[in-house]
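Trainee: The structure that follows is given in the form of structure tokens.
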There are 4 protein chains.
Amino acid sequence: MVTACKEIRVRYAETDMMGVTYHANYFVWFETARIHLLKTLGISYKELEKKGYLLPVIECHAQFHKPVTFDDLIVVDTLMESNPGIRFRIDYQITCDGQKTTTGYTTHVFMDEKGQVTRPPKTFLDAVEAHPDGPSTN
Amino acid sequence: MVTACKEIRVRYAETDMMGVTYHANYFVWFETARIHLLKTLGISYKELEKKGYLLPVIECHAQFHKPVTFDDLIVVDTLMESNPGIRFRIDYQITCDGQKTTTGYTTHVFMDEKGQVTRPPKTFLDAVEAHPDGPSTN
Amino acid sequence: MVTACKEIRVRYAETDMMGVTYHANYFVWFETARIHLLKTLGISYKELEKKGYLLPVIECHAQFHKPVTFDDLIVVDTLMESNPGIRFRIDYQITCDGQKTTTGYTTHVFMDEKGQVTRPPKTFLDAVEAHPDGPSTN
Amino acid sequence: MVTACKEIRVRYAETDMMGVTYHANYFVWFETARIHLLKTLGISYKELEKKGYLLPVIECHAQFHKPVTFDDLIVVDTLMESNPGIRFRIDYQITCDGQKTTTGYTTHVFMDEKGQVTRPPKTFLDAVEAHPDGPSTN
């Protein structure tokens, strides 16, 4: 299990006229947390793309337990299996003031630049495997 | 079963550096299609909010089969149970050039202005029930 | 003078907790109207990019006279000089229910794929010049 | 002169298929930097709204000198006149790796909850006036 934890401050732009965060924006926060998770493993997603690997989202899901709103400081806990295959999933849990507000996941595949599904690069697999268990903070 | 169909032209702003639509934006299209579905039933969501009803998304999901990109004309088919309860689900299928690209759903509850879950207004239930089956086009 | 006119329905996602459209989103509507203007000239921006031309925004401006909100049907009037040079400007005016709500402009240059400023392709200049004056509707 | 400085990491969602940040998103970064500027003055914009004050953008402008892209760490320098009147302007400059990439401004008015322009609250004016000159870092 590989985990990481990322704090994000909710932007005004991310709210809607209901006075809370518009639901689609949670997936942007998931992205921020996912990129951070990879960084804690020593993996730069930007570098991965430069080497010709893409990591598109092929499925995503979120469940909203409590709303969050402008200026809230949310904590996104992220969790990835330590043995990612061709297709792997990352789980997210958002808390705010210690209360669980949102859970969700994204599923990814590695793709090459032609859009073909491909095996994860060895450096990626090694980095994930080498990572000691337990949370790493923001 | 209540259904509707909405065409949407993909915006440049909705793409990302992968050259295709960023996944979170599909939920905005689902919103557009959902609002359109309600309109075909004679329901203005704007009016619903003015009467004190909110219809937040409490869960959402999407599966991405093929990407779509800038200037594509997508068709969002929407489907709602004709007997919505306290909690109800809307299903979406996006096609582009006749090919299925995306499927997904959103789950909603009716809330009053204090944030309490509430029964759907009778006008809403009547409108859904009265609607003849079959697709209505954009 | 080349002009065009595009109707856009305001999305819920485009509002913020002030209850009106978040200001940054107007630039997305300007984009939609600009792409439409080019189409009325017979120019597909998607094709332009495929041929190696990019048309980035190098400056943008907007002035907000009245807010618009969810489900409003806005009309974006767009105007371009009929003699675009290396750098050219497009002006926008948004009205809603016949009232002017927003004005703005974007300035563009043609760039090649290496990011170098380049002259507009002849097909672009010809299309703009050939266009009869006067508005073309959505 | 009141100044502040805010670091922001560019999100993947903020890029477009040109491979760089979509221009409208700079205004969201300006918002983030503006909220941060107010915080360095001891002003919570969230609290201001709770007290019935709104601070809408009535004009905005940006000039793009160099693009920035995913994962870039940008620095937004913000500057406000120390004597804000009914209408006041905030200036922004974005640098990335020490190079100026973007400049812009937003103009604001104070509004009450009915949408009427109103004088800034005394606490706001006092906080701005009391602030020692010079940059405050992120």
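The way I read the labels, and the way they are meant: chains A, B, ... in the order of the structure tokens, residue 1 as the first residue of every chain, and ligand 1 as the first ligand shown, with later ones counted on from there.
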Using only C-alpha atoms, which protein or nucleic acid residues come within 9 Å of Glu113 in chain D? Drop anything in the same chain fewer than 4 positions from it, and give the result as a PDB file with N, CA and C atoms, in the first residue's frame.

Mentor:
```pdb
ATOM      1  N   GLU D  49     -17.762  38.229   3.392  1.00  0.00           N
ATOM      2  CA  GLU D  49     -19.031  37.823   2.770  1.00  0.00           C
ATOM      3  C   GLU D  49     -20.081  37.511   3.834  1.00  0.00           C
ATOM      4  N   GLY D  52     -21.883  40.354   4.874  1.00  0.00           N
ATOM      5  CA  GLY D  52     -22.752  40.973   3.877  1.00  0.00           C
ATOM      6  C   GLY D  52     -22.042  41.782   2.806  1.00  0.00           C
ATOM      7  N   TYR D  53     -20.732  41.689   2.772  1.00  0.00           N
ATOM      8  CA  TYR D  53     -19.990  42.397   1.724  1.00  0.00           C
ATOM      9  C   TYR D  53     -19.561  41.429   0.622  1.00  0.00           C
ATOM     10  N   LEU D  54     -19.729  41.877  -0.622  1.00  0.00           N
ATOM     11  CA  LEU D  54     -19.217  41.106  -1.745  1.00  0.00           C
ATOM     12  C   LEU D  54     -18.195  41.963  -2.467  1.00  0.00           C
TER      13      LEU D  54
END
```

Trainee: Considering only C-alpha atoms, tabulate each residue of chain B that lies at most 6 Å from chain D along with its nearest interatomic pair and the corresponding distance in Å to one decimal; arrange the rows by chain and ascending residue number and present them as JSON lines.

Mentor:
```
{"residue": "B:Thr15", "atom": "CA", "partner": "D:Asp16", "partner_atom": "CA", "distance": 4.9}
{"residue": "B:Asp16", "atom": "CA", "partner": "D:Asp16", "partner_atom": "CA", "distance": 3.7}
{"residue": "B:Met17", "atom": "CA", "partner": "D:Met17", "partner_atom": "CA", "distance": 4.3}
{"residue": "B:Gly19", "atom": "CA", "partner": "D:Met17", "partner_atom": "CA", "distance": 4.4}
```

Trainee: With a distance cut-off of 9 Å and only C-alpha atoms, select the neighbouring residues of Gly104 in chain A, excluding the residue or stretch itself and same-chain residues fewer than 6 positions from it, and output the selection as a PDB file with N, CA and C atoms, in the first residue's frame.

Mentor:
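See around33.pdb below for the written result:
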```pdb
ATOM      1  N   PHE A  27     -12.625  16.067  -8.772  1.00  0.00           N
ATOM      2  CA  PHE A  27     -11.724  15.236  -9.574  1.00  0.00           C
ATOM      3  C   PHE A  27     -10.429  15.971  -9.898  1.00  0.00           C
ATOM      4  N   PHE A  30      -8.510  15.396  -6.780  1.00  0.00           N
ATOM      5  CA  PHE A  30      -7.958  14.033  -6.832  1.00  0.00           C
ATOM      6  C   PHE A  30      -6.682  14.046  -7.680  1.00  0.00           C
ATOM      7  N   CYS A  60     -13.853   6.955 -13.141  1.00  0.00           N
ATOM      8  CA  CYS A  60     -13.739   7.732 -11.899  1.00  0.00           C
ATOM      9  C   CYS A  60     -15.067   7.745 -11.168  1.00  0.00           C
ATOM     10  N   HIS A  61     -14.979   7.935  -9.886  1.00  0.00           N
ATOM     11  CA  HIS A  61     -16.161   7.843  -9.034  1.00  0.00           C
ATOM     12  C   HIS A  61     -15.961   8.728  -7.812  1.00  0.00           C
ATOM     13  N   ALA A  62     -17.033   9.315  -7.346  1.00  0.00           N
ATOM     14  CA  ALA A  62     -16.964  10.065  -6.087  1.00  0.00           C
ATOM     15  C   ALA A  62     -18.290   9.997  -5.366  1.00  0.00           C
ATOM     16  N   GLN A  63     -18.192   9.990  -4.056  1.00  0.00           N
ATOM     17  CA  GLN A  63     -19.374  10.005  -3.205  1.00  0.00           C
ATOM     18  C   GLN A  63     -19.229  11.182  -2.251  1.00  0.00           C
ATOM     19  N   PHE A  64     -20.275  11.984  -2.157  1.00  0.00           N
ATOM     20  CA  PHE A  64     -20.195  13.235  -1.409  1.00  0.00           C
ATOM     21  C   PHE A  64     -20.996  13.122  -0.121  1.00  0.00           C
ATOM     22  N   ILE A  90      -6.566   4.210  -7.868  1.00  0.00           N
ATOM     23  CA  ILE A  90      -6.138   5.023  -6.739  1.00  0.00           C
ATOM     24  C   ILE A  90      -7.391   5.455  -5.979  1.00  0.00           C
ATOM     25  N   ASP A  91      -7.332   5.337  -4.664  1.00  0.00           N
ATOM     26  CA  ASP A  91      -8.470   5.721  -3.817  1.00  0.00           C
ATOM     27  C   ASP A  91      -8.187   7.020  -3.089  1.00  0.00           C
ATOM     28  N   TYR A  92      -9.224   7.784  -2.891  1.00  0.00           N
ATOM     29  CA  TYR A  92      -9.094   9.096  -2.254  1.00  0.00           C
ATOM     30  C   TYR A  92     -10.102   9.210  -1.119  1.00  0.00           C
ATOM     31  N   GLN A  93      -9.674   9.895  -0.068  1.00  0.00           N
ATOM     32  CA  GLN A  93     -10.632  10.284   0.974  1.00  0.00           C
ATOM     33  C   GLN A  93     -10.333  11.718   1.363  1.00  0.00           C
ATOM     34  N   ILE A  94     -11.348  12.541   1.319  1.00  0.00           N
ATOM     35  CA  ILE A  94     -11.163  13.938   1.702  1.00  0.00           C
ATOM     36  C   ILE A  94     -11.772  14.165   3.069  1.00  0.00           C
TER      37      ILE A  94
END
```

Trainee: Report, in Å with one decimal, the straight-line distance from CA of Glu47 in chain A to CA of Met111 in chain A.

Mentor: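 Taking CA of Glu47 in chain A as the start and CA of Met111 in chain A as the end point, the length is 14.3 Å.
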
Trainee: Between CA of Lys50 in chain A and CA of Asp71 in chain D, measure the distance and give it in Å to one decimal.

Mentor: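 Distance reported for this atom pair: 12.7 Å.
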
Trainee: Excluding Ile8 in chain C and its own-chain neighbours fewer than 2 positions away, which residues fall within 7 Å of it when counting only C-alpha atoms? Please give them as a list in words.

Mentor: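 Returned residues: Lys6, Val10, Leu73, Ile74 and Val75 of chain C.
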
Trainee: Could those selected residues go to a file with C-alpha atoms, as a PDB file, in the first residue's frame?

Mentor:
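Saved to result_19.pdb:
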```pdb
ATOM      1  CA  LYS C   6     -23.484  33.045 -30.874  1.00  0.00           C
ATOM      2  CA  VAL C  10     -25.168  29.504 -18.889  1.00  0.00           C
ATOM      3  CA  LEU C  73     -29.440  32.603 -22.561  1.00  0.00           C
ATOM      4  CA  ILE C  74     -26.687  34.999 -23.507  1.00  0.00           C
ATOM      5  CA  VAL C  75     -25.830  36.321 -26.947  1.00  0.00           C
TER       6      VAL C  75
END
```

Trainee: When you look at Ala127 in chain B with a cut-off of 8 Å (counting only C-alpha atoms), what residues show up, excluding the ones that are within fewer than 3 positions of it in the same chain? I need them as a ChimeraX atom specification.

Mentor: /B:41-43,123-124,130-131

Trainee: Print the selection's residues with N, CA and C atoms to a file, as a PDB file, in the first residue's frame.

Mentor:
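Wrote it out as selection19.pdb, contents follow:
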```pdb
ATOM      1  N   LEU B  41     -39.270  17.740 -19.552  1.00  0.00           N
ATOM      2  CA  LEU B  41     -40.385  17.349 -18.687  1.00  0.00           C
ATOM      3  C   LEU B  41     -41.196  18.566 -18.245  1.00  0.00           C
ATOM      4  N   GLY B  42     -40.769  19.730 -18.678  1.00  0.00           N
ATOM      5  CA  GLY B  42     -41.460  20.951 -18.261  1.00  0.00           C
ATOM      6  C   GLY B  42     -40.973  21.474 -16.922  1.00  0.00           C
ATOM      7  N   ILE B  43     -39.819  20.962 -16.472  1.00  0.00           N
ATOM      8  CA  ILE B  43     -39.292  21.368 -15.167  1.00  0.00           C
ATOM      9  C   ILE B  43     -38.091  22.289 -15.364  1.00  0.00           C
ATOM     10  N   THR B 123     -45.099  18.660  -7.972  1.00  0.00           N
ATOM     11  CA  THR B 123     -45.017  19.077  -9.377  1.00  0.00           C
ATOM     12  C   THR B 123     -43.912  18.319 -10.112  1.00  0.00           C
ATOM     13  N   PHE B 124     -42.839  18.042  -9.389  1.00  0.00           N
ATOM     14  CA  PHE B 124     -41.737  17.294  -9.992  1.00  0.00           C
ATOM     15  C   PHE B 124     -42.177  15.869 -10.288  1.00  0.00           C
ATOM     16  N   ALA B 130     -45.907  11.977 -15.869  1.00  0.00           N
ATOM     17  CA  ALA B 130     -46.737  12.312 -17.034  1.00  0.00           C
ATOM     18  C   ALA B 130     -45.992  12.168 -18.351  1.00  0.00           C
ATOM     19  N   HIS B 131     -44.699  12.118 -18.256  1.00  0.00           N
ATOM     20  CA  HIS B 131     -43.918  12.161 -19.481  1.00  0.00           C
ATOM     21  C   HIS B 131     -44.040  10.863 -20.277  1.00  0.00           C
TER      22      HIS B 131
END
```

Trainee: Within 10 Å of Leu79 in chain D, counting only C-alpha atoms, which residues show up once you throw out same-chain ones fewer than 3 positions away? Write them as number ranges by chain, please.

Mentor: D: 1-5, 33-34, 37, 76, 82, 89-93, 105, 134-135
